[in-house]
$ cat data.cif   # mmCIF, C-alpha atoms
data_data
#
loop_
_atom_site.label_atom_id
_atom_site.label_comp_id
_atom_site.auth_asym_id
_atom_site.auth_seq_id
_atom_site.Cartn_x
_atom_site.Cartn_y
_atom_site.Cartn_z
CA MET A 1 0.00 0.00 0.00
CA ALA A 2 3.01 2.30 0.19
CA GLY A 3 3.09 5.18 -2.25
CA LYS A 4 -0.57 5.14 -3.31
CA VAL A 5 -2.57 8.32 -3.44
CA ALA A 6 -5.59 8.78 -1.21
CA ALA A 7 -9.04 9.18 -2.70
CA PRO A 8 -9.68 12.63 -4.26
CA GLY A 9 -11.36 14.99 -1.83
CA THR A 10 -9.91 13.41 1.32
CA ALA A 11 -8.66 16.35 3.37
CA VAL A 12 -6.05 15.63 6.03
CA LEU A 13 -5.09 18.19 8.68
CA LEU A 14 -1.88 17.72 10.70
CA VAL A 15 -1.48 19.91 13.79
CA THR A 16 1.29 20.03 16.38
CA ALA A 17 1.50 22.08 19.57
CA ASN A 18 3.56 22.22 22.73
CA VAL A 19 0.68 22.69 25.17
CA GLY A 20 2.58 22.77 28.45
CA SER A 21 1.53 26.34 29.26
CA LEU A 22 -2.17 25.54 28.75
CA PHE A 23 -2.21 23.71 32.06
CA ASP A 24 -0.71 26.64 33.98
CA ASP A 25 -3.88 28.68 33.44
CA PRO A 26 -6.50 26.23 32.13
CA GLU A 27 -9.50 28.51 32.61
CA ASN A 28 -8.17 31.11 30.19
CA LEU A 29 -5.46 29.59 28.04
CA GLN A 30 -7.22 26.29 27.29
CA LYS A 31 -10.42 28.05 26.32
CA ASN A 32 -8.61 30.39 23.92
CA TRP A 33 -6.49 27.59 22.47
CA LEU A 34 -9.49 25.34 21.80
CA ARG A 35 -11.37 28.20 20.20
CA GLU A 36 -8.50 28.76 17.76
CA PHE A 37 -8.28 25.04 17.06
CA TYR A 38 -11.97 24.83 16.26
CA GLN A 39 -11.68 27.83 13.95
CA VAL A 40 -8.95 26.05 12.01
CA LEU A 41 -11.18 22.99 11.65
CA HIS A 42 -14.05 25.15 10.44
CA ALA A 43 -11.86 26.90 7.89
CA HIS A 44 -10.28 23.75 6.41
CA LYS A 45 -13.05 21.18 6.99
CA PRO A 46 -10.71 18.16 7.12
CA HIS A 47 -11.87 14.56 7.04
CA PHE A 48 -8.92 13.27 9.07
CA VAL A 49 -7.36 15.32 11.87
CA ALA A 50 -4.13 14.46 13.66
CA LEU A 51 -3.27 16.59 16.69
CA HIS A 52 0.16 15.96 18.21
CA CYS A 53 0.77 17.51 21.63
CA GLN A 54 3.98 17.79 23.63
CA GLU A 55 4.34 18.62 27.34
CA PHE A 56 0.76 17.42 27.70
CA GLY A 57 -0.36 18.03 31.26
CA GLY A 58 2.17 20.80 31.90
CA LYS A 59 5.21 20.77 34.16
CA ASN A 60 3.46 18.94 37.01
CA TYR A 61 1.37 16.18 35.44
CA GLU A 62 0.07 14.78 38.72
CA ALA A 63 -1.30 18.15 39.80
CA SER A 64 -2.86 18.69 36.35
CA MET A 65 -4.71 15.38 36.04
CA SER A 66 -8.16 16.98 36.46
CA HIS A 67 -7.31 19.61 33.83
CA VAL A 68 -6.11 16.88 31.46
CA ASP A 69 -9.40 14.99 31.81
CA LYS A 70 -11.37 18.18 31.19
CA PHE A 71 -9.32 19.04 28.10
CA VAL A 72 -9.83 15.57 26.58
CA LYS A 73 -13.54 15.54 27.40
CA GLU A 74 -13.99 18.94 25.79
CA LEU A 75 -12.25 17.85 22.60
CA LEU A 76 -14.30 14.67 22.27
CA SER A 77 -17.70 16.14 23.12
CA SER A 78 -17.69 19.70 21.77
CA ASP A 79 -20.16 20.79 19.10
CA ALA A 80 -17.25 21.67 16.83
CA MET A 81 -16.22 18.00 16.81
CA LYS A 82 -19.68 16.42 16.55
CA GLU A 83 -19.17 15.35 12.92
CA TYR A 84 -16.06 13.37 13.89
CA SER A 85 -17.71 10.10 14.85
CA ARG A 86 -14.51 8.14 15.46
CA ALA A 87 -11.49 9.07 17.53
CA ARG A 88 -8.32 7.63 18.98
CA VAL A 89 -6.55 9.34 21.87
CA TYR A 90 -3.16 8.24 23.20
CA LEU A 91 -1.91 9.95 26.36
CA ASP A 92 1.36 9.14 28.06
CA GLU A 93 0.28 9.52 31.69
CA ASN A 94 2.91 7.26 33.22
CA TYR A 95 4.58 10.21 34.99
CA LYS A 96 5.96 8.01 37.79
CA SER A 97 8.22 6.15 35.37
CA GLN A 98 11.28 8.28 34.69
CA GLU A 99 12.52 5.75 32.16
CA HIS A 100 9.37 5.86 30.03
CA PHE A 101 7.43 9.10 30.55
CA THR A 102 7.38 11.41 27.51
CA ALA A 103 4.32 13.65 28.23
CA LEU A 104 3.20 13.16 24.63
CA GLY A 105 -0.44 13.20 23.62
CA SER A 106 -1.69 12.10 20.19
CA PHE A 107 -5.28 12.75 19.08
CA TYR A 108 -6.85 11.45 15.87
CA PHE A 109 -10.34 12.41 14.67
CA LEU A 110 -12.18 10.83 11.73
CA HIS A 111 -15.11 12.52 10.00
CA GLU A 112 -18.36 10.61 9.70
CA SER A 113 -18.22 10.84 5.89
CA LEU A 114 -14.89 9.05 5.75
CA LYS A 115 -15.25 5.34 4.99
CA ASN A 116 -12.93 2.36 5.29
CA ILE A 117 -10.37 3.74 7.73
CA TYR A 118 -7.90 1.27 9.22
CA GLN A 119 -5.21 1.50 11.86
CA PHE A 120 -2.19 -0.77 12.06
CA ASP A 121 -1.67 -3.21 14.91
CA PHE A 122 2.13 -3.35 15.35
CA LYS A 123 1.95 -6.56 17.37
CA ALA A 124 -0.37 -8.52 15.09
CA LYS A 125 1.13 -6.83 12.01
CA LYS A 126 -2.24 -6.21 10.40
CA TYR A 127 -4.74 -3.39 9.97
CA LYS A 128 -7.92 -3.10 12.02
CA LYS A 129 -10.98 -1.08 11.11
CA VAL A 130 -11.45 2.05 13.21
CA THR A 131 -14.83 2.35 14.93
CA GLY A 132 -16.08 4.40 17.87
CA LYS A 133 -14.03 6.58 20.19
CA GLU A 134 -11.28 5.15 22.37
CA ILE A 135 -8.81 6.64 24.86
CA TYR A 136 -5.55 4.94 25.87
CA SER A 137 -3.29 6.15 28.65
CA ASP A 138 -0.96 5.02 31.46
CA THR A 139 1.44 2.40 30.04
CA LEU A 140 1.29 2.98 26.30
CA GLU A 141 4.24 0.62 25.85
CA SER A 142 1.80 -2.30 25.94
CA THR A 143 -0.66 -0.76 23.47
CA PRO A 144 -0.26 -2.63 20.14
CA MET A 145 -1.76 0.17 18.03
CA LEU A 146 1.32 2.37 18.44
CA GLU A 147 5.03 2.43 19.04
CA LYS A 148 6.28 4.67 21.84
CA GLU A 149 9.83 5.21 22.96
CA LYS A 150 11.77 7.56 25.15
CA PHE A 151 15.23 8.33 23.85
CA PRO A 152 18.09 6.29 25.39
CA GLN A 153 19.54 7.98 28.47
CA ASP A 154 22.94 8.55 26.87
CA TYR A 155 21.21 10.76 24.28
CA PHE A 156 20.19 13.22 26.98
CA PRO A 157 22.56 16.14 27.63
CA GLU A 158 24.59 15.29 30.75
CA CYS A 159 22.56 12.02 30.82
CA LYS A 160 19.80 13.77 32.79
CA TRP A 161 16.32 12.40 32.08
CA SER A 162 13.75 14.74 30.54
CA ARG A 163 10.48 14.09 28.76
CA LYS A 164 11.72 13.53 25.22
CA GLY A 165 10.77 10.76 22.82
CA PHE A 166 8.23 9.82 20.14
CA ILE A 167 4.92 8.06 19.45
CA ARG A 168 4.25 6.43 16.09
CA THR A 169 0.92 5.32 14.64
CA ARG A 170 0.11 3.90 11.19
CA TRP A 171 -3.07 4.50 9.21
CA CYS A 172 -4.66 3.45 5.95
CA ILE A 173 -7.17 5.64 4.10
CA ALA A 174 -8.49 4.42 0.76
CA ASP A 175 -5.53 2.06 0.31
CA CYS A 176 -3.04 4.83 1.17
CA ALA A 177 -0.89 3.82 4.14
CA PHE A 178 1.19 6.28 6.14
CA ASP A 179 2.86 6.75 9.51
CA LEU A 180 2.26 9.72 11.81
CA VAL A 181 5.03 10.40 14.31
CA ASN A 182 4.66 12.68 17.32
CA ILE A 183 8.16 13.79 18.34
CA HIS A 184 9.75 15.93 21.04
CA LEU A 185 13.45 16.68 20.63
CA PHE A 186 15.89 18.24 23.09
CA HIS A 187 15.99 21.93 23.94
CA ASP A 188 19.04 24.10 24.58
CA ALA A 189 19.55 23.54 28.30
CA SER A 190 22.07 26.39 28.71
CA ASN A 191 22.74 29.52 26.65
CA LEU A 192 26.30 29.47 27.96
CA VAL A 193 26.91 26.03 26.50
CA ALA A 194 24.93 26.64 23.29
CA TRP A 195 27.06 29.60 22.20
CA GLU A 196 30.42 27.84 22.59
CA THR A 197 30.39 26.08 19.21
CA SER A 198 28.64 26.34 15.85
CA PRO A 199 26.61 24.18 15.46
CA SER A 200 26.01 23.83 19.18
CA VAL A 201 26.33 20.60 21.13
CA TYR A 202 22.54 20.62 21.51
CA SER A 203 22.09 20.76 17.76
CA GLY A 204 24.20 17.62 17.54
CA VAL A 205 22.02 15.89 20.14
CA ARG A 206 18.83 16.79 18.22
CA HIS A 207 20.43 15.57 15.01
CA LYS A 208 21.30 12.25 16.67
CA ALA A 209 17.83 11.83 18.22
CA LEU A 210 16.03 12.55 14.95
CA GLY A 211 18.24 10.00 13.24
CA TYR A 212 17.27 7.48 15.93
CA VAL A 213 13.57 8.02 15.20
CA LEU A 214 13.98 7.81 11.43
CA ASP A 215 16.01 4.62 11.78
CA ARG A 216 13.11 3.10 13.72
CA ILE A 217 10.60 4.18 11.07
CA ILE A 218 12.44 2.70 8.11
CA ASP A 219 13.87 -0.46 9.68
CA GLN A 220 13.02 -3.94 8.45
CA ARG A 221 10.36 -4.89 11.00
CA PHE A 222 7.43 -3.53 8.98
CA GLU A 223 6.54 -2.61 5.42
CA LYS A 224 7.90 0.81 4.50
CA VAL A 225 5.26 3.47 3.98
CA SER A 226 5.22 7.24 3.67
CA TYR A 227 5.58 9.06 6.96
CA PHE A 228 4.94 12.47 8.50
CA VAL A 229 7.05 13.54 11.46
CA PHE A 230 5.60 16.54 13.26
CA GLY A 231 6.03 17.72 16.81
CA ASP A 232 8.33 19.96 18.83
CA PHE A 233 11.75 19.77 17.18
CA ASN A 234 13.14 22.47 19.50
CA PHE A 235 15.19 23.94 16.68
CA ARG A 236 17.06 27.09 17.71
CA LEU A 237 18.92 29.88 16.04
CA ASP A 238 22.63 29.18 16.04
CA SER A 239 23.60 30.99 19.25
CA LYS A 240 27.23 31.59 18.34
CA SER A 241 26.30 33.17 15.00
CA VAL A 242 23.58 35.31 16.59
CA ILE A 243 25.85 36.62 19.35
CA GLU A 244 28.72 37.30 16.97
CA THR A 245 26.33 39.22 14.72
CA LEU A 246 24.80 41.24 17.53
CA CYS A 247 28.07 41.93 19.35
CA THR A 248 30.49 42.47 16.48
CA LYS A 249 32.23 45.45 18.13
CA ALA A 250 31.71 44.43 21.75
CA THR A 251 34.18 43.10 24.29
CA MET A 252 33.27 40.18 26.54
CA GLN A 253 33.51 39.99 30.33
CA THR A 254 33.36 36.56 31.98
CA ILE A 255 31.81 36.14 35.43
CA ARG A 256 32.64 32.95 37.34
CA ALA A 257 31.19 31.38 40.49
CA ALA A 258 33.42 31.97 43.47
CA ASP A 259 33.19 28.42 44.78
CA THR A 260 33.39 26.37 41.55
CA ASN A 261 35.04 28.78 39.09
CA GLU A 262 32.24 27.82 36.66
CA VAL A 263 31.21 30.44 34.11
CA VAL A 264 27.82 31.78 35.23
CA LYS A 265 27.51 34.97 33.18
CA LEU A 266 28.89 36.71 30.10
CA ILE A 267 28.60 40.46 29.66
CA PHE A 268 29.20 42.05 26.26
CA ARG A 269 30.00 45.79 26.30
CA GLU A 270 30.56 48.32 23.57
CA SER A 271 34.20 49.27 23.15
CA ASP A 272 33.30 52.96 23.43
CA ASN A 273 30.01 54.73 24.28
CA ASP A 274 30.84 54.56 28.01
CA ARG A 275 31.19 50.76 27.79
CA LYS A 276 27.42 50.34 27.43
CA VAL A 277 26.16 46.80 28.11
CA VAL A 278 24.90 45.27 24.87
CA LEU A 279 24.12 41.70 25.93
CA GLN A 280 23.96 39.73 29.17
CA LEU A 281 24.04 35.96 28.85
CA GLU A 282 23.32 33.39 31.56
CA LYS A 283 22.17 29.77 31.55
CA LYS A 284 18.51 30.82 31.17
CA LEU A 285 18.95 34.51 30.34
CA PHE A 286 19.46 36.21 26.97
CA ASP A 287 19.12 39.94 27.62
CA TYR A 288 19.89 42.07 24.56
CA PHE A 289 19.53 45.82 24.94
CA ASN A 290 17.66 46.43 21.65
CA GLN A 291 14.74 44.02 21.30
CA ASP A 292 13.54 45.74 18.12
CA VAL A 293 16.28 43.99 16.15
CA PHE A 294 14.36 40.73 16.61
CA ARG A 295 11.08 42.27 15.42
CA ASP A 296 11.99 44.57 12.53
CA ASN A 297 11.55 42.80 9.19
CA ASN A 298 11.01 39.54 11.06
CA GLY A 299 14.46 39.80 12.56
CA THR A 300 16.29 39.49 9.24
CA ALA A 301 19.16 41.58 10.56
CA CYS A 302 20.39 38.74 12.74
CA THR A 303 18.49 35.54 12.01
CA VAL A 304 18.89 34.50 8.38
CA SER A 305 22.41 33.08 8.51
CA ALA A 306 22.03 31.93 12.11
CA ALA A 307 18.85 29.99 11.40
CA THR A 308 20.22 27.97 8.52
CA VAL A 309 22.91 25.98 10.34
CA GLU A 310 20.69 23.37 12.00
CA PHE A 311 18.34 23.09 9.01
CA VAL A 312 21.27 22.48 6.67
CA GLN A 313 22.30 19.64 9.00
CA LEU A 314 18.77 18.27 9.00
CA GLY A 315 18.49 18.53 5.22
CA ARG A 316 21.71 16.60 4.75
CA LEU A 317 20.65 13.95 7.24
CA LEU A 318 17.33 13.29 5.53
CA THR A 319 18.56 13.65 1.94
CA ASP A 320 21.67 11.50 2.29
CA THR A 321 20.34 8.85 4.67
CA TYR A 322 16.58 8.61 4.43
CA GLY A 323 15.63 9.55 0.87
CA GLN A 324 14.08 12.87 1.87
CA GLN A 325 14.75 16.22 0.23
CA LEU A 326 14.27 19.65 1.77
CA LEU A 327 12.35 21.71 -0.77
CA TYR A 328 11.83 24.91 1.21
CA HIS A 329 12.40 26.37 4.65
CA CYS A 330 11.46 29.80 5.95
CA PRO A 331 13.84 30.74 8.78
CA HIS A 332 11.37 33.30 10.14
CA THR A 333 8.22 31.18 10.43
CA GLY A 334 9.93 27.81 10.87
CA VAL A 335 7.81 26.28 8.08
CA SER A 336 9.51 23.47 6.20
CA VAL A 337 8.35 21.51 3.17
CA TRP A 338 9.81 18.08 2.55
CA LYS A 339 9.65 15.73 -0.40
CA THR A 340 9.60 12.00 0.30
CA ILE A 341 11.33 9.77 -2.24
CA LEU A 342 9.89 6.26 -2.04
#

$ encode --input "data.cif" --output "structure tokens"
Amino acid sequence: MAGKVAAPGTAVLLVTANVGSLFDDPENLQKNWLREFYQVLHAHKPHFVALHCQEFGGKNYEASMSHVDKFVKELLSSDAMKEYSRARVYLDENYKSQEHFTALGSFYFLHESLKNIYQFDFKAKKYKKVTGKEIYSDTLESTPMLEKEKFPQDYFPECKWSRKGFIRTRWCIADCAFDLVNIHLFHDASNLVAWETSPSVYSGVRHKALGYVLDRIIDQRFEKVSYFVFGDFNFRLDSKSVIETLCTKATMQTIRAADTNEVVKLIFRESDNDRKVVLQLEKKLFDYFNQDVFRDNNGTACTVSAATVEFVQLGRLLTDTYGQQLLYHCPHTGVSVWKTIL
């Protein structure tokens, strides 16, 4: 079934969102977010909707359990979704397992007009017809209708666990089979580390983790089909290039901790103009004196060259190794278009 085209008129909508902040203020943020989501559905009128969420449940999943239940119930029962008669929801709620918890949530909605929809059972290695609405949570590792993995611990910066991994499902619509992969890659844990090299060490970790996922998708265990990977890639501007562009004529002052001699702060000052502070950099702080440079013309003054480094890496990875070709990337919006060569 790989490579076939779906029936004409079958509209598929793929959505991804890091929703961690929604659970900090559920009364306001969730309501606004859902309203925007429903407006997108109304505008595009898709027959098949895939919603991939990362950081589902927020920073403290246990404290947000009631908000999670309310969010899911709202999605499944709202008037805006009443024409979607079938649904599959996969929530990683196993927050007590540091080795497995990814905080990923994958939602799939099928319009009542869509016929003959099948989902792949990875254990039985066969497709099963999708009927009704079902929710799966807790230990998704034992659910045969998906593959879920957390990245190996040695992939994590400093080998410290965080909620990063992927969930894969496989679908068949009108004899067109495809995989949908919800992914969450690593963020830049420290600005001080990220700016040391170009590309940064974190870029290398993301590159490695994405390769791990793609290797799993195209291995020999199952028939190869087309696939869509969408989630939170955590791509960043190349910090070293950005700082060198912003602070071309500045001198750098290094501040170290008295007890450990560890670098805790960098201060960039103009060489003249009374040694005015241009940029202050800490582990979680990036304080540049002129914020307008990031807004004017979509930040073209400092972002174009800095944004391309990691995407060039990604393009080479997919083109050389996985038969994918990067057709277009906008460094300002983050939109990428990929061609799959099957």

$ atom_distance --input "data.cif" --atom1 "CA of Ser85 in chain A" --atom2 "CA of Lys133 in chain A"
7.4 Å

$ atom_distance --input "data.cif" --atom1 "CA of Phe166 in chain A" --atom2 "CA of Gln153 in chain A"
14.2 Å

$ resolve_selection --input "data.cif" --expression "the PyMOL selection byres ((chain A and resi 172) around 8)" --output "number ranges by chain"
A: 117-120, 127, 170-171, 173-178

$ residues_near_point --input "data.cif" --point "(3.4, 26.9, 30.2)" --cutoff "10 Å" --atoms "all atoms listed in the file" --output "PDB file with C-alpha atoms, keeping the file's coordinate frame"
ATOM      1  CA  ASN A  18       3.560  22.220  22.730  1.00  0.00           C
ATOM      2  CA  VAL A  19       0.680  22.690  25.170  1.00  0.00           C
ATOM      3  CA  GLY A  20       2.580  22.770  28.450  1.00  0.00           C
ATOM      4  CA  SER A  21       1.530  26.340  29.260  1.00  0.00           C
ATOM      5  CA  LEU A  22      -2.170  25.540  28.750  1.00  0.00           C
ATOM      6  CA  PHE A  23      -2.210  23.710  32.060  1.00  0.00           C
ATOM      7  CA  ASP A  24      -0.710  26.640  33.980  1.00  0.00           C
ATOM      8  CA  ASP A  25      -3.880  28.680  33.440  1.00  0.00           C
ATOM      9  CA  LEU A  29      -5.460  29.590  28.040  1.00  0.00           C
ATOM     10  CA  GLU A  55       4.340  18.620  27.340  1.00  0.00           C
ATOM     11  CA  GLY A  57      -0.360  18.030  31.260  1.00  0.00           C
ATOM     12  CA  GLY A  58       2.170  20.800  31.900  1.00  0.00           C
ATOM     13  CA  LYS A  59       5.210  20.770  34.160  1.00  0.00           C
TER      14      LYS A  59
END

$ residues_around --input "data.cif" --residues "Arg168 in chain A" --least-positions-apart "6" --cutoff "12 Å" --atoms "all atoms listed in the file" --output "number ranges by chain"
A: 50, 52, 90, 104-107, 119-122, 140-141, 143-150, 178-183, 213-214, 216-217, 227-231

$ residues_around --input "data.cif" --residues "Lys96 in chain A" --least-positions-apart "4" --cutoff "12 Å" --atoms "only C-alpha atoms" --output "PDB file with C-alpha atoms, in the coordinates of the input"
ATOM      1  CA  ASN A  60       3.460  18.940  37.010  1.00  0.00           C
ATOM      2  CA  TYR A  61       1.370  16.180  35.440  1.00  0.00           C
ATOM      3  CA  GLU A  62       0.070  14.780  38.720  1.00  0.00           C
ATOM      4  CA  ASP A  92       1.360   9.140  28.060  1.00  0.00           C
ATOM      5  CA  HIS A 100       9.370   5.860  30.030  1.00  0.00           C
ATOM      6  CA  PHE A 101       7.430   9.100  30.550  1.00  0.00           C
ATOM      7  CA  THR A 102       7.380  11.410  27.510  1.00  0.00           C
ATOM      8  CA  ALA A 103       4.320  13.650  28.230  1.00  0.00           C
ATOM      9  CA  ASP A 138      -0.960   5.020  31.460  1.00  0.00           C
ATOM     10  CA  THR A 139       1.440   2.400  30.040  1.00  0.00           C
ATOM     11  CA  ARG A 163      10.480  14.090  28.760  1.00  0.00           C
TER      12      ARG A 163
END

$ atom_distance --input "data.cif" --atom1 "CA of Phe294 in chain A" --atom2 "CA of Asp188 in chain A"
19.0 Å

$ resolve_selection --input "data.cif" --expression "the PyMOL selection byres ((chain A and resi 135) around 10)" --output "MDAnalysis selection string"
chainID A and resid 72 87:91 107 133:134 136:137

$ closest_residue --input "data.cif" --among "A:Val225, A:Leu246, A:Val263, A:Leu192" --to "Lys284 in chain A" --atoms "only C-alpha atoms"
A:Leu192

$ closest_residue --input "data.cif" --among "A:Ala124, A:Cys247, A:Leu51, A:Leu114" --to "Tyr38 in chain A" --atoms "only C-alpha atoms"
A:Leu51

$ resolve_selection --input "data.cif" --expression "the PyMOL selection byres ((chain A and resi 265) around 8)" --output "VMD selection string"
chain A and resid 192 254 to 256 263 to 264 266 to 267 280 to 283

$ closest_residue --input "data.cif" --among "A:Gln253, A:Asn234, A:Ser200, A:Ser77" --to "His187 in chain A" --atoms "all atoms listed in the file"
A:Asn234

$ build_atoms --input "data.cif" --residues "range 85-94 of chain A" --atoms "all heavy atoms" --output "PDB file, keeping the file's coordinate frame"
ATOM      1  N   SER A  85     -17.041  11.195  14.145  1.00  0.00           N
ATOM      2  CA  SER A  85     -17.710  10.100  14.850  1.00  0.00           C
ATOM      3  C   SER A  85     -16.762   9.056  15.409  1.00  0.00           C
ATOM      4  O   SER A  85     -17.160   8.223  16.222  1.00  0.00           O
ATOM      5  CB  SER A  85     -18.721   9.431  13.920  1.00  0.00           C
ATOM      6  OG  SER A  85     -18.074   8.953  12.737  1.00  0.00           O
ATOM      7  N   ARG A  86     -15.504   9.091  14.982  1.00  0.00           N
ATOM      8  CA  ARG A  86     -14.510   8.140  15.460  1.00  0.00           C
ATOM      9  C   ARG A  86     -13.276   8.896  15.934  1.00  0.00           C
ATOM     10  O   ARG A  86     -12.897   9.918  15.341  1.00  0.00           O
ATOM     11  CB  ARG A  86     -14.124   7.158  14.353  1.00  0.00           C
ATOM     12  CG  ARG A  86     -15.248   6.191  13.979  1.00  0.00           C
ATOM     13  CD  ARG A  86     -15.148   5.756  12.528  1.00  0.00           C
ATOM     14  NE  ARG A  86     -15.403   6.877  11.630  1.00  0.00           N
ATOM     15  CZ  ARG A  86     -15.248   6.826  10.308  1.00  0.00           C
ATOM     16  NH1 ARG A  86     -14.811   5.704   9.749  1.00  0.00           N
ATOM     17  NH2 ARG A  86     -15.513   7.872   9.554  1.00  0.00           N
ATOM     18  N   ALA A  87     -12.663   8.394  16.976  1.00  0.00           N
ATOM     19  CA  ALA A  87     -11.490   9.070  17.530  1.00  0.00           C
ATOM     20  C   ALA A  87     -10.591   8.078  18.233  1.00  0.00           C
ATOM     21  O   ALA A  87     -11.055   7.070  18.781  1.00  0.00           O
ATOM     22  CB  ALA A  87     -11.910  10.183  18.489  1.00  0.00           C
ATOM     23  N   ARG A  88      -9.309   8.378  18.202  1.00  0.00           N
ATOM     24  CA  ARG A  88      -8.320   7.630  18.980  1.00  0.00           C
ATOM     25  C   ARG A  88      -7.456   8.658  19.725  1.00  0.00           C
ATOM     26  O   ARG A  88      -6.941   9.598  19.122  1.00  0.00           O
ATOM     27  CB  ARG A  88      -7.434   6.760  18.093  1.00  0.00           C
ATOM     28  CG  ARG A  88      -8.175   5.592  17.446  1.00  0.00           C
ATOM     29  CD  ARG A  88      -8.633   4.580  18.474  1.00  0.00           C
ATOM     30  NE  ARG A  88      -9.312   3.433  17.873  1.00  0.00           N
ATOM     31  CZ  ARG A  88     -10.613   3.375  17.619  1.00  0.00           C
ATOM     32  NH1 ARG A  88     -11.392   4.418  17.904  1.00  0.00           N
ATOM     33  NH2 ARG A  88     -11.150   2.303  17.083  1.00  0.00           N
ATOM     34  N   VAL A  89      -7.333   8.444  21.030  1.00  0.00           N
ATOM     35  CA  VAL A  89      -6.550   9.340  21.870  1.00  0.00           C
ATOM     36  C   VAL A  89      -5.511   8.524  22.627  1.00  0.00           C
ATOM     37  O   VAL A  89      -5.849   7.541  23.290  1.00  0.00           O
ATOM     38  CB  VAL A  89      -7.448  10.109  22.869  1.00  0.00           C
ATOM     39  CG1 VAL A  89      -6.602  11.001  23.770  1.00  0.00           C
ATOM     40  CG2 VAL A  89      -8.506  10.926  22.129  1.00  0.00           C
ATOM     41  N   TYR A  90      -4.255   8.931  22.522  1.00  0.00           N
ATOM     42  CA  TYR A  90      -3.160   8.240  23.200  1.00  0.00           C
ATOM     43  C   TYR A  90      -2.429   9.239  24.092  1.00  0.00           C
ATOM     44  O   TYR A  90      -1.810  10.184  23.594  1.00  0.00           O
ATOM     45  CB  TYR A  90      -2.213   7.616  22.183  1.00  0.00           C
ATOM     46  CG  TYR A  90      -2.899   6.642  21.249  1.00  0.00           C
ATOM     47  CD1 TYR A  90      -3.223   6.998  19.939  1.00  0.00           C
ATOM     48  CD2 TYR A  90      -3.251   5.371  21.692  1.00  0.00           C
ATOM     49  CE1 TYR A  90      -3.861   6.113  19.090  1.00  0.00           C
ATOM     50  CE2 TYR A  90      -3.898   4.470  20.856  1.00  0.00           C
ATOM     51  CZ  TYR A  90      -4.198   4.853  19.554  1.00  0.00           C
ATOM     52  OH  TYR A  90      -4.851   3.965  18.721  1.00  0.00           O
ATOM     53  N   LEU A  91      -2.514   9.034  25.391  1.00  0.00           N
ATOM     54  CA  LEU A  91      -1.910   9.950  26.360  1.00  0.00           C
ATOM     55  C   LEU A  91      -0.874   9.207  27.195  1.00  0.00           C
ATOM     56  O   LEU A  91      -1.194   8.193  27.820  1.00  0.00           O
ATOM     57  CB  LEU A  91      -2.985  10.534  27.283  1.00  0.00           C
ATOM     58  CG  LEU A  91      -4.175  11.228  26.620  1.00  0.00           C
ATOM     59  CD1 LEU A  91      -5.186  11.642  27.683  1.00  0.00           C
ATOM     60  CD2 LEU A  91      -3.724  12.429  25.804  1.00  0.00           C
ATOM     61  N   ASP A  92       0.329   9.719  27.203  1.00  0.00           N
ATOM     62  CA  ASP A  92       1.360   9.140  28.060  1.00  0.00           C
ATOM     63  C   ASP A  92       1.210   9.756  29.447  1.00  0.00           C
ATOM     64  O   ASP A  92       1.688  10.853  29.707  1.00  0.00           O
ATOM     65  CB  ASP A  92       2.750   9.421  27.490  1.00  0.00           C
ATOM     66  CG  ASP A  92       3.842   8.692  28.262  1.00  0.00           C
ATOM     67  OD1 ASP A  92       3.496   7.984  29.234  1.00  0.00           O
ATOM     68  OD2 ASP A  92       5.021   8.819  27.907  1.00  0.00           O
ATOM     69  N   GLU A  93       0.539   9.035  30.337  1.00  0.00           N
ATOM     70  CA  GLU A  93       0.280   9.520  31.690  1.00  0.00           C
ATOM     71  C   GLU A  93       1.131   8.813  32.751  1.00  0.00           C
ATOM     72  O   GLU A  93       0.928   9.006  33.944  1.00  0.00           O
ATOM     73  CB  GLU A  93      -1.206   9.337  32.040  1.00  0.00           C
ATOM     74  CG  GLU A  93      -2.128  10.187  31.186  1.00  0.00           C
ATOM     75  CD  GLU A  93      -3.581  10.075  31.632  1.00  0.00           C
ATOM     76  OE1 GLU A  93      -3.944   9.024  32.207  1.00  0.00           O
ATOM     77  OE2 GLU A  93      -4.339  11.021  31.410  1.00  0.00           O
ATOM     78  N   ASN A  94       2.095   8.045  32.300  1.00  0.00           N
ATOM     79  CA  ASN A  94       2.910   7.260  33.220  1.00  0.00           C
ATOM     80  C   ASN A  94       4.029   8.127  33.820  1.00  0.00           C
ATOM     81  O   ASN A  94       5.222   7.850  33.669  1.00  0.00           O
ATOM     82  CB  ASN A  94       3.483   6.047  32.491  1.00  0.00           C
ATOM     83  CG  ASN A  94       4.108   5.038  33.435  1.00  0.00           C
ATOM     84  OD1 ASN A  94       3.837   5.041  34.634  1.00  0.00           O
ATOM     85  ND2 ASN A  94       4.947   4.166  32.886  1.00  0.00           N
TER      86      ASN A  94
END
